[in-house]
Structure formats: structure tokens, C-alpha cells
file coords17.cif (mmCIF, C-alpha atoms)
data_work
loop_
_atom_site.label_atom_id
_atom_site.label_comp_id
_atom_site.auth_asym_id
_atom_site.auth_seq_id
_atom_site.Cartn_x
_atom_site.Cartn_y
_atom_site.Cartn_z
CA MET A 11 -155.98 202.70 82.01
CA ALA A 12 -158.47 202.92 79.15
CA THR A 13 -162.00 201.66 79.63
CA THR A 14 -165.01 200.82 77.57
CA ARG A 15 -168.65 200.56 78.60
CA SER A 16 -170.67 197.39 78.45
CA SER A 17 -173.40 195.55 80.25
CA GLY A 18 -171.14 192.57 80.75
CA THR A 19 -169.47 191.45 83.95
CA VAL A 20 -167.10 193.92 85.60
CA GLY A 21 -163.47 193.28 84.75
CA THR A 22 -163.95 191.44 81.47
CA PRO A 23 -164.89 192.45 77.96
CA SER A 24 -168.41 191.83 76.73
CA SER A 25 -169.33 188.19 77.05
CA PRO A 26 -168.37 186.17 73.97
CA ASP A 27 -171.79 184.59 74.10
CA ALA A 28 -173.70 187.88 74.25
CA GLY A 29 -176.46 188.47 71.72
CA PRO A 30 -178.67 186.16 69.65
CA GLU A 31 -177.39 183.97 66.85
CA ALA A 32 -177.36 185.50 63.37
CA SER A 33 -180.17 183.88 61.36
CA LYS A 34 -179.50 181.72 58.32
CA THR A 35 -181.45 184.19 56.19
CA LEU A 36 -179.21 187.04 57.33
CA ILE A 37 -176.05 185.02 56.69
CA ILE A 38 -177.17 184.01 53.19
CA CYS A 39 -178.25 187.54 52.25
CA LEU A 40 -175.05 189.12 53.60
CA GLY A 41 -173.02 186.40 51.88
CA LEU A 42 -174.66 187.09 48.53
CA SER A 43 -174.15 190.82 48.99
CA GLN A 44 -170.44 190.19 49.65
CA LEU A 45 -170.14 188.06 46.52
CA ILE A 46 -171.70 190.86 44.45
CA GLY A 47 -169.95 193.68 46.29
CA TRP A 48 -166.46 192.24 45.88
CA GLY A 49 -167.13 191.25 42.29
CA ALA A 50 -168.79 194.50 41.15
CA LEU A 51 -166.61 196.90 43.15
CA HIS A 52 -163.24 195.56 44.30
CA TYR A 53 -162.45 193.50 41.20
CA ILE A 54 -163.31 196.24 38.66
CA ILE A 55 -159.66 197.10 38.10
CA GLY A 56 -158.64 193.46 37.69
CA VAL A 57 -161.28 192.80 35.05
CA PHE A 58 -161.35 196.07 33.11
CA GLY A 59 -157.97 197.65 33.89
CA VAL A 60 -156.29 196.64 30.61
CA ASP A 61 -159.32 197.69 28.54
CA MET A 62 -159.43 201.03 30.36
CA ALA A 63 -155.75 201.72 29.70
CA THR A 64 -156.13 200.86 26.02
CA SER A 65 -159.33 202.84 25.53
CA LEU A 66 -158.22 205.94 27.43
CA GLU A 67 -154.62 205.69 26.17
CA TRP A 68 -153.22 205.98 29.67
CA SER A 69 -150.36 204.13 31.35
CA ASP A 70 -151.04 201.23 33.69
CA VAL A 71 -149.72 203.36 36.57
CA VAL A 72 -152.38 206.04 35.99
CA VAL A 73 -155.14 203.45 35.66
CA GLN A 74 -154.04 201.48 38.75
CA GLY A 75 -153.68 204.75 40.65
CA GLY A 76 -157.45 205.11 40.60
CA PHE A 77 -157.80 201.91 42.61
CA SER A 78 -155.10 203.10 45.01
CA ALA A 79 -157.07 206.33 45.48
CA SER A 80 -160.15 204.29 46.41
CA LEU A 81 -158.16 202.48 49.12
CA VAL A 82 -157.03 205.79 50.58
CA VAL A 83 -160.67 206.95 50.73
CA MET A 84 -161.61 203.65 52.41
CA GLY A 85 -159.08 204.42 55.11
CA LEU A 86 -160.10 208.03 55.61
CA SER A 87 -163.79 207.12 55.91
CA SER A 88 -163.24 203.98 58.00
CA ARG A 89 -163.81 205.35 61.49
CA LEU A 90 -166.90 207.40 60.63
CA ILE A 91 -168.55 204.49 58.86
CA GLY A 92 -167.75 202.13 61.72
CA GLN A 93 -169.28 204.62 64.15
CA TRP A 94 -172.39 204.93 61.95
CA ILE A 95 -172.90 201.15 62.02
CA ASP A 96 -172.35 201.08 65.79
CA ARG A 97 -175.09 203.64 66.30
CA TYR A 98 -177.67 202.74 63.67
CA GLY A 99 -176.86 199.17 62.63
CA GLY A 100 -175.76 198.03 59.19
CA ARG A 101 -178.99 198.02 57.19
CA THR A 102 -178.94 201.62 55.96
CA ALA A 103 -175.14 201.79 55.71
CA MET A 104 -174.77 198.69 53.58
CA MET A 105 -177.71 199.56 51.34
CA ALA A 106 -176.14 203.00 50.85
CA GLY A 107 -172.87 201.26 49.96
CA CYS A 108 -174.56 199.50 47.05
CA TRP A 109 -176.28 202.67 45.85
CA ILE A 110 -173.08 204.72 46.08
CA GLY A 111 -171.24 201.88 44.34
CA ALA A 112 -173.78 201.99 41.51
CA LEU A 113 -173.22 205.75 41.22
CA GLY A 114 -169.45 205.18 41.16
CA CYS A 115 -169.79 202.64 38.35
CA VAL A 116 -171.89 205.09 36.32
CA LEU A 117 -169.36 207.89 36.88
CA LEU A 118 -166.47 205.59 35.98
CA SER A 119 -168.20 204.48 32.79
CA ALA A 120 -168.62 208.13 31.77
CA SER A 121 -165.09 209.27 32.67
CA GLN A 122 -163.10 210.87 29.87
CA ASN A 123 -160.21 212.49 31.74
CA VAL A 124 -158.02 211.84 34.79
CA VAL A 125 -160.02 214.17 37.08
CA THR A 126 -163.39 212.46 36.50
CA TYR A 127 -161.72 209.03 36.52
CA TYR A 128 -160.15 209.57 39.94
CA ALA A 129 -163.32 211.21 41.28
CA ALA A 130 -165.26 208.09 40.32
CA TRP A 131 -162.75 205.91 42.16
CA CYS A 132 -163.06 208.08 45.26
CA VAL A 133 -166.82 207.48 45.20
CA LEU A 134 -166.15 203.75 44.81
CA GLY A 135 -163.82 203.90 47.84
CA VAL A 136 -166.67 205.11 50.05
CA ALA A 137 -168.92 202.41 48.58
CA MET A 138 -166.41 199.64 49.29
CA ARG A 139 -165.99 200.70 52.92
CA LEU A 140 -169.78 200.71 53.33
CA ALA A 141 -170.47 197.45 51.50
CA LEU A 142 -167.59 195.00 51.98
CA TYR A 143 -166.31 192.72 54.76
CA ASP A 144 -165.47 195.22 57.49
CA ALA A 145 -168.93 196.78 57.34
CA ALA A 146 -170.52 193.31 57.25
CA PHE A 147 -168.45 192.20 60.27
CA ALA A 148 -169.49 195.28 62.27
CA THR A 149 -173.11 194.62 61.28
CA LEU A 150 -172.92 191.04 62.52
CA VAL A 151 -171.35 192.11 65.81
CA LYS A 152 -174.16 194.65 66.26
CA VAL A 153 -176.73 191.89 65.69
CA ALA A 154 -175.12 188.86 67.34
CA GLY A 155 -172.37 190.20 69.59
CA GLY A 156 -169.73 187.63 70.46
CA LYS A 157 -171.66 184.89 68.65
CA SER A 158 -170.87 186.49 65.29
CA GLN A 159 -167.57 184.71 64.55
CA ARG A 160 -169.05 181.71 62.74
CA ALA A 161 -171.39 183.99 60.76
CA MET A 162 -168.38 186.10 59.72
CA THR A 163 -166.69 182.97 58.44
CA ALA A 164 -169.78 181.87 56.52
CA ILE A 165 -170.21 185.13 54.61
CA THR A 166 -166.55 185.12 53.55
CA LEU A 167 -167.20 181.82 51.77
CA PHE A 168 -169.55 183.69 49.42
CA GLY A 169 -167.08 186.53 49.01
CA GLY A 170 -164.35 184.05 48.11
CA LEU A 171 -166.36 183.08 45.03
CA ALA A 172 -166.53 186.66 43.74
CA SER A 173 -163.52 186.35 41.46
CA THR A 174 -164.75 183.00 40.14
CA THR A 175 -168.12 184.57 39.29
CA PHE A 176 -167.33 188.12 38.23
CA TRP A 177 -164.07 187.70 36.33
CA PRO A 178 -165.70 185.65 33.56
CA LEU A 179 -168.95 187.66 33.82
CA GLY A 180 -167.07 190.93 33.50
CA HIS A 181 -165.07 189.73 30.51
CA ALA A 182 -168.25 188.50 28.80
CA LEU A 183 -170.02 191.82 29.41
CA ALA A 184 -167.00 193.75 28.14
CA GLN A 185 -167.00 191.73 24.93
CA MET A 186 -170.68 192.48 24.38
CA TYR A 187 -170.94 196.10 25.55
CA GLY A 188 -167.38 197.33 26.12
CA TRP A 189 -166.02 198.16 29.57
CA ARG A 190 -168.23 201.25 29.86
CA GLY A 191 -171.40 199.29 29.14
CA ALA A 192 -170.30 196.50 31.46
CA LEU A 193 -169.96 199.01 34.31
CA LEU A 194 -173.54 200.17 33.72
CA VAL A 195 -174.67 196.55 34.07
CA TYR A 196 -172.65 196.35 37.30
CA ALA A 197 -174.52 199.44 38.53
CA LEU A 198 -177.87 197.72 37.97
CA ILE A 199 -176.62 194.58 39.74
CA LEU A 200 -175.53 196.66 42.75
CA VAL A 201 -178.92 198.40 42.98
CA GLY A 202 -180.60 195.00 43.00
CA ALA A 203 -178.15 193.69 45.61
CA SER A 204 -178.95 196.58 47.93
CA PHE A 205 -182.30 194.96 48.80
CA LEU A 206 -180.51 191.92 50.23
CA HIS A 207 -179.68 194.13 53.21
CA LEU A 208 -183.32 194.34 54.21
CA ALA A 209 -182.58 191.03 55.95
CA ILE A 210 -180.50 192.95 58.50
CA PRO A 211 -182.74 193.42 61.55
CA LYS A 212 -183.34 196.88 62.94
CA VAL A 213 -181.45 197.39 66.18
CA PRO A 214 -181.86 199.91 69.01
CA GLN A 215 -180.09 203.17 68.27
CA GLU A 216 -176.94 203.55 70.35
CA PRO A 217 -176.74 206.79 72.35
CA LEU A 218 -174.26 209.40 71.12
CA ASN A 219 -172.14 209.01 74.25
CA GLY A 220 -171.70 205.29 73.54
CA ALA A 221 -173.36 204.23 76.79
CA SER A 222 -174.65 200.75 77.17
CA HIS A 223 -178.29 200.00 76.39
CA ALA A 224 -178.52 198.33 79.76
CA GLY A 225 -179.04 201.70 81.45
CA SER A 226 -178.68 201.38 85.18
CA THR A 227 -177.05 197.98 84.91
CA ALA A 228 -174.18 199.33 82.77
CA SER A 229 -170.74 198.89 84.27
CA VAL A 230 -167.27 199.98 83.37
CA VAL A 231 -165.29 197.22 81.70
CA VAL A 232 -161.54 197.41 81.86
CA VAL A 233 -159.61 196.33 78.77
CA PRO A 234 -156.14 195.37 80.01
CA ASN A 235 -153.15 196.56 77.94
CA VAL A 236 -155.51 198.31 75.52
CA LEU A 237 -152.81 200.50 73.94
CA SER A 238 -150.46 197.57 73.28
CA LYS A 239 -153.30 195.47 71.89
CA THR A 240 -154.43 198.32 69.64
CA ILE A 241 -150.94 198.88 68.24
CA LEU A 242 -150.28 195.19 67.65
CA TYR A 243 -153.67 194.50 66.07
CA GLY A 244 -153.27 197.57 63.86
CA LEU A 245 -149.78 196.48 62.79
CA SER A 246 -151.06 192.98 62.04
CA ALA A 247 -153.94 194.30 59.93
CA MET A 248 -151.62 196.71 58.10
CA MET A 249 -149.16 193.97 57.11
CA VAL A 250 -151.92 191.58 56.02
CA LEU A 251 -153.74 194.21 53.93
CA PHE A 252 -150.45 195.41 52.39
CA MET A 253 -149.48 191.90 51.32
CA GLN A 254 -153.00 191.16 50.07
CA ALA A 255 -153.12 194.31 47.92
CA GLY A 256 -149.60 193.84 46.56
CA MET A 257 -149.86 190.14 45.80
CA ALA A 258 -153.32 190.49 44.25
CA SER A 259 -151.97 193.08 41.80
CA HIS A 260 -148.98 190.97 40.72
CA PHE A 261 -149.91 187.35 41.43
CA ILE A 262 -149.84 186.16 37.80
CA GLU A 263 -146.64 188.09 37.15
CA ILE A 264 -144.95 186.54 40.20
CA LEU A 265 -146.00 183.05 39.14
CA SER A 266 -144.76 183.71 35.59
CA ALA A 267 -141.28 184.44 36.97
CA LEU A 268 -140.93 180.72 37.74
CA GLY A 269 -140.55 180.12 34.00
CA TRP A 270 -143.51 177.84 33.35
CA PRO A 271 -145.67 178.20 30.20
CA ILE A 272 -148.44 180.75 30.53
CA ALA A 273 -151.14 178.07 30.28
CA ALA A 274 -149.63 176.31 33.28
CA VAL A 275 -149.33 179.60 35.18
CA VAL A 276 -152.99 180.43 34.63
CA THR A 277 -154.01 176.94 35.75
CA VAL A 278 -151.87 177.16 38.88
CA SER A 279 -153.26 180.60 39.69
CA THR A 280 -156.75 179.12 40.08
CA LEU A 281 -155.47 177.24 43.13
CA PHE A 282 -155.35 180.57 44.95
CA GLY A 283 -159.16 180.73 45.01
CA ILE A 284 -159.43 177.05 45.91
CA GLY A 285 -157.03 177.56 48.81
CA GLN A 286 -158.95 180.61 50.00
CA VAL A 287 -162.27 178.76 50.06
CA THR A 288 -160.64 175.67 51.64
CA GLY A 289 -159.19 177.76 54.47
CA ARG A 290 -162.55 179.36 55.12
CA LEU A 291 -164.35 176.01 55.04
CA TYR A 292 -161.95 174.82 57.73
CA MET A 293 -162.95 177.82 59.82
CA VAL A 294 -166.67 177.16 59.24
CA PHE A 295 -166.58 173.53 60.31
CA HIS A 296 -163.71 173.42 62.78
CA GLY A 297 -161.69 176.58 63.37
CA TYR A 298 -164.55 178.59 64.90
CA ARG A 299 -164.31 176.40 68.02
CA PHE A 300 -160.92 177.89 68.91
CA ASN A 301 -159.97 181.25 70.34
CA PRO A 302 -159.64 183.66 67.36
CA VAL A 303 -156.46 185.19 68.80
CA LYS A 304 -154.79 181.78 68.77
CA MET A 305 -156.21 180.98 65.33
CA ASN A 306 -154.54 184.20 64.18
CA LEU A 307 -151.23 182.31 64.37
CA LEU A 308 -152.31 180.13 61.45
CA PRO A 309 -152.31 182.69 58.60
CA PRO A 310 -148.66 183.79 58.97
CA CYS A 311 -147.57 180.14 59.28
CA LEU A 312 -149.40 179.29 56.05
CA LEU A 313 -147.97 182.36 54.32
CA ILE A 314 -144.42 181.47 55.37
CA CYS A 315 -144.88 177.93 54.05
CA SER A 316 -146.35 179.24 50.80
CA TYR A 317 -143.42 181.56 50.13
CA LEU A 318 -140.96 178.74 50.82
CA MET A 319 -142.85 176.64 48.27
CA PHE A 320 -142.42 179.47 45.74
CA PHE A 321 -138.62 179.25 45.95
CA ALA A 322 -138.86 175.56 45.07
CA GLY A 323 -141.43 176.19 42.34
CA LYS A 324 -138.87 176.68 39.59
CA GLN A 325 -137.95 173.00 39.89
CA SER A 326 -141.45 171.58 40.20
CA LEU A 327 -144.89 172.69 39.10
CA TYR A 328 -146.27 170.91 42.17
CA PHE A 329 -144.37 173.29 44.44
CA ALA A 330 -145.70 176.23 42.41
CA GLY A 331 -149.20 174.89 42.94
CA ALA A 332 -148.53 174.45 46.67
CA PHE A 333 -147.47 178.12 46.80
CA ALA A 334 -150.78 179.27 45.28
CA LEU A 335 -152.87 176.90 47.43
CA LEU A 336 -151.19 177.73 50.75
CA TYR A 337 -151.11 181.45 50.03
CA GLY A 338 -154.84 181.37 49.27
CA ALA A 339 -155.58 179.49 52.50
CA GLY A 340 -153.53 181.91 54.60
CA ASN A 341 -155.12 184.89 52.91
CA GLY A 342 -158.63 183.48 53.40
CA ILE A 343 -158.22 182.74 57.10
CA ALA A 344 -156.52 186.12 57.73
CA THR A 345 -159.66 187.90 56.51
CA ILE A 346 -161.75 186.06 59.11
CA THR A 347 -159.38 186.55 62.04
CA ARG A 348 -159.14 190.27 61.21
CA GLY A 349 -162.85 190.51 62.01
CA ALA A 350 -162.97 188.10 64.96
CA VAL A 351 -159.82 189.00 66.92
CA PRO A 352 -161.04 192.46 68.09
CA ILE A 353 -164.04 190.82 69.78
CA VAL A 354 -161.67 188.90 72.06
CA LEU A 355 -159.23 191.78 72.55
CA PHE A 356 -161.68 194.62 73.15
CA GLY A 357 -165.20 193.20 73.51
CA THR A 358 -168.20 193.97 71.31
CA GLN A 359 -169.18 197.43 72.61
CA GLY A 360 -168.21 200.08 70.04
CA TYR A 361 -166.77 197.42 67.71
CA GLY A 362 -167.39 199.36 64.50
CA ARG A 363 -165.87 202.62 65.69
CA ARG A 364 -162.84 201.00 67.30
CA VAL A 365 -162.01 198.68 64.40
CA GLY A 366 -162.73 201.46 61.91
CA SER A 367 -160.23 203.70 63.67
CA ILE A 368 -157.55 201.00 63.83
CA LEU A 369 -157.98 200.02 60.18
CA ARG A 370 -157.78 203.58 58.87
CA PRO A 371 -153.96 203.67 58.56
CA ALA A 372 -153.94 200.05 57.36
CA PHE A 373 -156.16 200.89 54.37
CA VAL A 374 -154.10 204.00 53.55
CA VAL A 375 -150.79 202.13 53.67
CA SER A 376 -152.17 199.23 51.62
CA ALA A 377 -153.00 201.73 48.86
CA ALA A 378 -149.27 201.99 48.15
CA ALA A 379 -148.80 198.21 47.92
CA PRO A 380 -149.46 197.72 44.17
CA MET A 381 -146.92 200.40 43.28
CA ALA A 382 -144.42 199.24 45.93
CA PHE A 383 -144.58 195.67 44.66
CA ALA A 384 -144.17 196.93 41.09
CA TRP A 385 -141.08 198.92 42.11
CA VAL A 386 -139.45 195.93 43.82
CA MET A 387 -140.43 193.62 40.95
CA GLY A 388 -138.96 196.01 38.38
CA GLY A 389 -135.74 196.62 40.28
CA TRP A 390 -134.93 193.25 41.81
CA GLY A 391 -137.36 190.68 40.42
CA ALA A 392 -140.01 188.31 41.73
CA PHE A 393 -137.74 186.32 44.04
CA VAL A 394 -136.71 189.39 46.05
CA THR A 395 -140.37 190.48 46.13
CA VAL A 396 -141.45 187.13 47.57
CA GLY A 397 -138.45 187.13 49.93
CA THR A 398 -139.57 190.50 51.28
CA SER A 399 -143.07 189.11 51.80
CA LEU A 400 -141.53 186.16 53.64
CA VAL A 401 -139.84 188.57 56.07
CA PHE A 402 -143.15 190.43 56.48
CA SER A 403 -144.86 187.14 57.34
CA ALA A 404 -142.22 186.26 59.93
CA VAL A 405 -142.79 189.65 61.60
CA LEU A 406 -146.54 189.03 61.36
CA LEU A 407 -146.10 185.73 63.21
CA GLY A 408 -144.20 187.54 65.97
CA VAL A 409 -147.00 190.10 66.28
CA ALA A 410 -149.60 187.31 66.44
CA LEU A 411 -147.62 185.61 69.23
CA ALA A 412 -147.47 188.88 71.16
CA LEU A 413 -151.27 189.24 70.86
CA VAL A 414 -151.72 185.72 72.25
CA TYR A 415 -149.54 186.65 75.20
CA LEU A 416 -151.34 189.93 75.87
CA SER A 417 -154.83 188.41 75.56
CA SER A 418 -153.93 185.79 78.18
CA ARG A 419 -152.99 188.43 80.74
CA LYS A 420 -155.70 189.63 83.11
#

call {"tool": "encode", "arguments": {"input": "coords17.cif", "output": "C-alpha cells"}}
result
Amino acid sequence: MATTRSSGTVGTPSSPDAGPEASKTLIICLGLSQLIGWGALHYIIGVFGVDMATSLEWSDVVVQGGFSASLVVMGLSSRLIGQWIDRYGGRTAMMAGCWIGALGCVLLSASQNVVTYYAAWCVLGVAMRLALYDAAFATLVKVAGGKSQRAMTAITLFGGLASTTFWPLGHALAQMYGWRGALLVYALILVGASFLHLAIPKVPQEPLNGASHAGSTASVVVVPNVLSKTILYGLSAMMVLFMQAGMASHFIEILSALGWPIAAVVTVSTLFGIGQVTGRLYMVFHGYRFNPVKMNLLPPCLLICSYLMFFAGKQSLYFAGAFALLYGAGNGIATITRGAVPIVLFGTQGYGRRVGSILRPAFVVSAAAPMAFAWVMGGWGAFVTVGTSLVFSAVLLGVALALVYLSSRK
């Protein structure tokens, strides 16, 4: 049976109450860095993709492929970056993420051919893995241990506002300076944001062998059913990230298939962000009190309900709005549980390395989601695409139920 090392009580994972609370200053600074990181890195393709395709005279597939390449790089670098944060803490890693992201923006702004364009996106993939949620979650676990769940939820509130902030900002910058000039402004913003990570406290360096800092008091902690938990958590993360990447790339197109005027579709689409923030607010003020593994049942239930609302959306704009709102809420809560569930399943020791390893295939598979969704949309239409996502969500619910069962066994 697999084991991990911790200074907690023998026979149980690291205590959920281990570690100090994350300070308000740390939460605010990490939250602001997530808002900027998601806006200036992850949403580049959504804001400038059309302008890039027009300017470079490339197809949408080639342009979107750069973003897919960045997701593959995120997956390939995931374990090493998680291990780095485990050993040294998140301060240097997340600052480096902003600096590398700034370099990626500069390279992307200067790209003139497919080779330099894709190379820039590969640099941005490393930056996103260093700077976005999964790095921030590992940083919080390193600082606050099992008390990090509420802090994780709080920083995702800031990140949920990234599209609201950077979509209009990016469009305004593109109108003034073009997409290349706008990316140079993004680079400056990322350099400035890097200093927010000075709020991350320095932590003791973890030994290379992963031993506990407790020295002679360290004890072997058994993680029951570790292989089954690892497979199920990895499958859950893979399905969530795949749906997130696919739906994000085609959300407006899917809504448009309901036949409503484009003005109504755009208005309804804003409910996605409102739903995402609403779901996370629920977790901040109420949901954090519950076991994260049980709370992980909520996202697939919300997603199933949202997809059912979509099928009724052709008859009523209210149902279309309910689809966007419920999907946003399910998506928002799923991001939080993805970070909090491993604490319950495996403990806090080696969190970054373990989660980084498990998420590696999930990031790689999610890179194919935009193209897979486009293929299904082109061949069978939006209703089959949403129906497929409904089946995915039902499987996701079954996986979440299995995790509840396994986590209850001692």
C-alpha cells in the first residue's frame, strides 16, 4: 500500500487544520495576481484571436492551435512545477510565471510566421502553469496546509472577474495600438503584477527526499485506496478541464444555435460570469464548511441541470439564461473543488507534486477540446454537442460519488 510522509497522526492524512491561516494581505495579492494572470495570459486568444487571424492571414484552426499548444506545455510541465512549489514555496515560481508570461507576450507580438507564433505560445504555456490557479492553490497549501480551502475560494472570486475586466480592456487597447501593441501593454502589466507575489511568505525548504520538517517526530501516513483515489480524481479533473476548454471556445456559438437574435445571445452570455461568481460566493460564505469531497457532487449536478435548460432554451429565453447561469455556477465551483479535494484524499504533504502529476494528462487532453467541440459542432450541431457534454456530466457525477465512497473508507 502506498504511503506518504507527514508529521500528522499515524493512520490519517495531514490534519485538515494544520498550518496557520492565510493572511488577508496574501489572499488579496494572490487574488489580484489571478485576475491579471487569467486576463493577460489565458484570455489572449479570446480577445485577440480574430485580429490575429485577419492580420496574419491564417485560418482560425492555426490560430487556435497556438492556444492548444500552450495547454499541452502546461500539462508536460505540471509535475515539475508542482514539485518546485512543494520544495521552495510559491513566491519565486509565481513571480517567474509573470516574467515568463511577459516574455511570451513580447514574442507573440513579434511573431511573423507559424514557428515563432507557436514558440511564443509554448512560452505562455509555462507561464500559465506557473502563474494561474493550480500554482496558487499549491502555494496556499504550502503556507496554510489544510486551512487553505477558504483562501482558495476567495482568490477564485478575483479570477472570475478577469474576463469582465480584460475583455473590454483588451479590445480598447487593440483599437488604440493594434493586437501587437496591446500584447506589449499586457507584458508591462504582468511585470508589475509579479511584485504582488512578494506577499507570499518564505517557507522552509523541503528536503529533496520529501521528508517531513518535523524530523524525529515524522511518521508514515497511510493513504487508503491511494491508486483508486488517484485514478478517479484524475478522471474527474480531466472531464472538467475538457468541458471547460471546449465550452469556453464555443459558448457564444452554442448559444446562437438556439435561434435568438445576436444581441440577446450576447446578453445571455454575460450570465455565465455572473453564475461563476455566484457559485464561488456561495463557497466563500457557506460551502467551505462542508467536506470538499462531498461538495464535489455539486458541480456535475449543476452542469446536468444547465444542459437540460439548454434543450428548453429554444422555446424560452429564460431557459437559455438559466443554462448560462447554472453552467457558470457549476464551472466556478468545480475550479475550487479541484484544488480542495486532494487535501482530503491525500493530505497536504507533497500536494504540489502529487496534484501536478495527476493534472498532467488532464491538461494535455483538454488541449484537444476546442478542436473536438468544433468537429462535433460542424458535423452534428450544437444540440448533439451539448448532449455529449450532458453524458460527460453524468459520468462525472458517478466519479464524484465513487470518491465520496472511497474517502469515507478507513

call {"tool": "closest_residue", "arguments": {"input": "coords17.cif", "among": "A:Val136, A:Leu355, A:Cys115, A:Leu200", "to": "Leu45 of chain A", "atoms": "all atoms listed in the file"}}
result
A:Leu200

call {"tool": "closest_residue", "arguments": {"input": "coords17.cif", "among": "A:Thr166, A:Ser69, A:Ser418, A:Ser88", "to": "Ile343 of chain A", "atoms": "all atoms listed in the file"}}
result
A:Thr166

call {"tool": "resolve_selection", "arguments": {"input": "coords17.cif", "expression": "the PyMOL selection byres ((chain A and resi 129) around 10)", "output": "PyMOL selection string"}}
result
chain A and resi 76+79-80+114+117-118+121+124-128+130-135

call {"tool": "closest_residue", "arguments": {"input": "coords17.cif", "among": "A:Phe333, A:Tyr415, A:Trp177, A:Tyr292", "to": "Leu268 of chain A", "atoms": "all atoms listed in the file"}}
result
A:Phe333

call {"tool": "atom_distance", "arguments": {"input": "coords17.cif", "atom1": "atom CA of Tyr337 of chain A", "atom2": "atom CA of Cys315 of chain A"}}
result
8.2 Å

call {"tool": "resolve_selection", "arguments": {"input": "coords17.cif", "expression": "the PyMOL selection byres ((chain A and resi 70) around 12)", "output": "list in words"}}
result
Ile55, Gly56, Phe58, Gly59, Val60, Asp61, Met62, Ala63, Thr64, Ser65, Leu66, Glu67, Trp68, Ser69, Val71, Val72, Val73, Gln74, Gly75, Gly76, Phe77, Ser259, Pro380, Met381 and Ala384 of chain A

call {"tool": "build_atoms", "arguments": {"input": "coords17.cif", "residues": "segment 96-117 of chain A", "atoms": "N, CA and C atoms", "output": "PDB file, keeping the file's coordinate frame"}}
result
ATOM      1  N   ASP A  96    -172.172 201.271  64.354  1.00  0.00           N
ATOM      2  CA  ASP A  96    -172.350 201.080  65.790  1.00  0.00           C
ATOM      3  C   ASP A  96    -173.646 201.719  66.276  1.00  0.00           C
ATOM      4  N   ARG A  97    -173.946 202.903  65.780  1.00  0.00           N
ATOM      5  CA  ARG A  97    -175.090 203.640  66.300  1.00  0.00           C
ATOM      6  C   ARG A  97    -176.411 203.190  65.694  1.00  0.00           C
ATOM      7  N   TYR A  98    -176.409 202.985  64.366  1.00  0.00           N
ATOM      8  CA  TYR A  98    -177.670 202.740  63.670  1.00  0.00           C
ATOM      9  C   TYR A  98    -177.833 201.304  63.150  1.00  0.00           C
ATOM     10  N   GLY A  99    -176.810 200.489  63.237  1.00  0.00           N
ATOM     11  CA  GLY A  99    -176.860 199.170  62.630  1.00  0.00           C
ATOM     12  C   GLY A  99    -176.415 199.243  61.164  1.00  0.00           C
ATOM     13  N   GLY A 100    -176.343 198.084  60.520  1.00  0.00           N
ATOM     14  CA  GLY A 100    -175.760 198.030  59.190  1.00  0.00           C
ATOM     15  C   GLY A 100    -176.723 198.128  58.034  1.00  0.00           C
ATOM     16  N   ARG A 101    -178.040 198.084  58.296  1.00  0.00           N
ATOM     17  CA  ARG A 101    -178.990 198.020  57.190  1.00  0.00           C
ATOM     18  C   ARG A 101    -178.861 199.236  56.250  1.00  0.00           C
ATOM     19  N   THR A 102    -179.000 200.420  56.793  1.00  0.00           N
ATOM     20  CA  THR A 102    -178.940 201.620  55.960  1.00  0.00           C
ATOM     21  C   THR A 102    -177.545 201.820  55.371  1.00  0.00           C
ATOM     22  N   ALA A 103    -176.515 201.578  56.178  1.00  0.00           N
ATOM     23  CA  ALA A 103    -175.140 201.790  55.710  1.00  0.00           C
ATOM     24  C   ALA A 103    -174.806 200.894  54.529  1.00  0.00           C
ATOM     25  N   MET A 104    -175.148 199.609  54.639  1.00  0.00           N
ATOM     26  CA  MET A 104    -174.770 198.690  53.580  1.00  0.00           C
ATOM     27  C   MET A 104    -175.626 198.868  52.330  1.00  0.00           C
ATOM     28  N   MET A 105    -176.893 199.227  52.513  1.00  0.00           N
ATOM     29  CA  MET A 105    -177.710 199.560  51.340  1.00  0.00           C
ATOM     30  C   MET A 105    -177.140 200.793  50.633  1.00  0.00           C
ATOM     31  N   ALA A 106    -176.746 201.799  51.433  1.00  0.00           N
ATOM     32  CA  ALA A 106    -176.140 203.000  50.850  1.00  0.00           C
ATOM     33  C   ALA A 106    -174.853 202.654  50.112  1.00  0.00           C
ATOM     34  N   GLY A 107    -174.102 201.680  50.632  1.00  0.00           N
ATOM     35  CA  GLY A 107    -172.870 201.260  49.960  1.00  0.00           C
ATOM     36  C   GLY A 107    -173.145 200.757  48.550  1.00  0.00           C
ATOM     37  N   CYS A 108    -174.209 199.989  48.392  1.00  0.00           N
ATOM     38  CA  CYS A 108    -174.560 199.500  47.050  1.00  0.00           C
ATOM     39  C   CYS A 108    -175.003 200.630  46.137  1.00  0.00           C
ATOM     40  N   TRP A 109    -175.807 201.549  46.675  1.00  0.00           N
ATOM     41  CA  TRP A 109    -176.280 202.670  45.850  1.00  0.00           C
ATOM     42  C   TRP A 109    -175.122 203.579  45.449  1.00  0.00           C
ATOM     43  N   ILE A 110    -174.241 203.873  46.401  1.00  0.00           N
ATOM     44  CA  ILE A 110    -173.080 204.720  46.080  1.00  0.00           C
ATOM     45  C   ILE A 110    -172.151 203.985  45.111  1.00  0.00           C
ATOM     46  N   GLY A 111    -172.039 202.670  45.281  1.00  0.00           N
ATOM     47  CA  GLY A 111    -171.240 201.880  44.340  1.00  0.00           C
ATOM     48  C   GLY A 111    -171.808 201.935  42.939  1.00  0.00           C
ATOM     49  N   ALA A 112    -173.139 201.873  42.834  1.00  0.00           N
ATOM     50  CA  ALA A 112    -173.780 201.990  41.510  1.00  0.00           C
ATOM     51  C   ALA A 112    -173.483 203.350  40.897  1.00  0.00           C
ATOM     52  N   LEU A 113    -173.556 204.411  41.712  1.00  0.00           N
ATOM     53  CA  LEU A 113    -173.220 205.750  41.220  1.00  0.00           C
ATOM     54  C   LEU A 113    -171.768 205.804  40.759  1.00  0.00           C
ATOM     55  N   GLY A 114    -170.867 205.198  41.540  1.00  0.00           N
ATOM     56  CA  GLY A 114    -169.450 205.180  41.160  1.00  0.00           C
ATOM     57  C   GLY A 114    -169.223 204.469  39.838  1.00  0.00           C
ATOM     58  N   CYS A 115    -169.923 203.365  39.620  1.00  0.00           N
ATOM     59  CA  CYS A 115    -169.790 202.640  38.350  1.00  0.00           C
ATOM     60  C   CYS A 115    -170.273 203.499  37.179  1.00  0.00           C
ATOM     61  N   VAL A 116    -171.375 204.212  37.380  1.00  0.00           N
ATOM     62  CA  VAL A 116    -171.890 205.090  36.320  1.00  0.00           C
ATOM     63  C   VAL A 116    -170.886 206.200  36.020  1.00  0.00           C
ATOM     64  N   LEU A 117    -170.342 206.818  37.067  1.00  0.00           N
ATOM     65  CA  LEU A 117    -169.360 207.890  36.880  1.00  0.00           C
ATOM     66  C   LEU A 117    -168.100 207.373  36.191  1.00  0.00           C
TER      67      LEU A 117
END
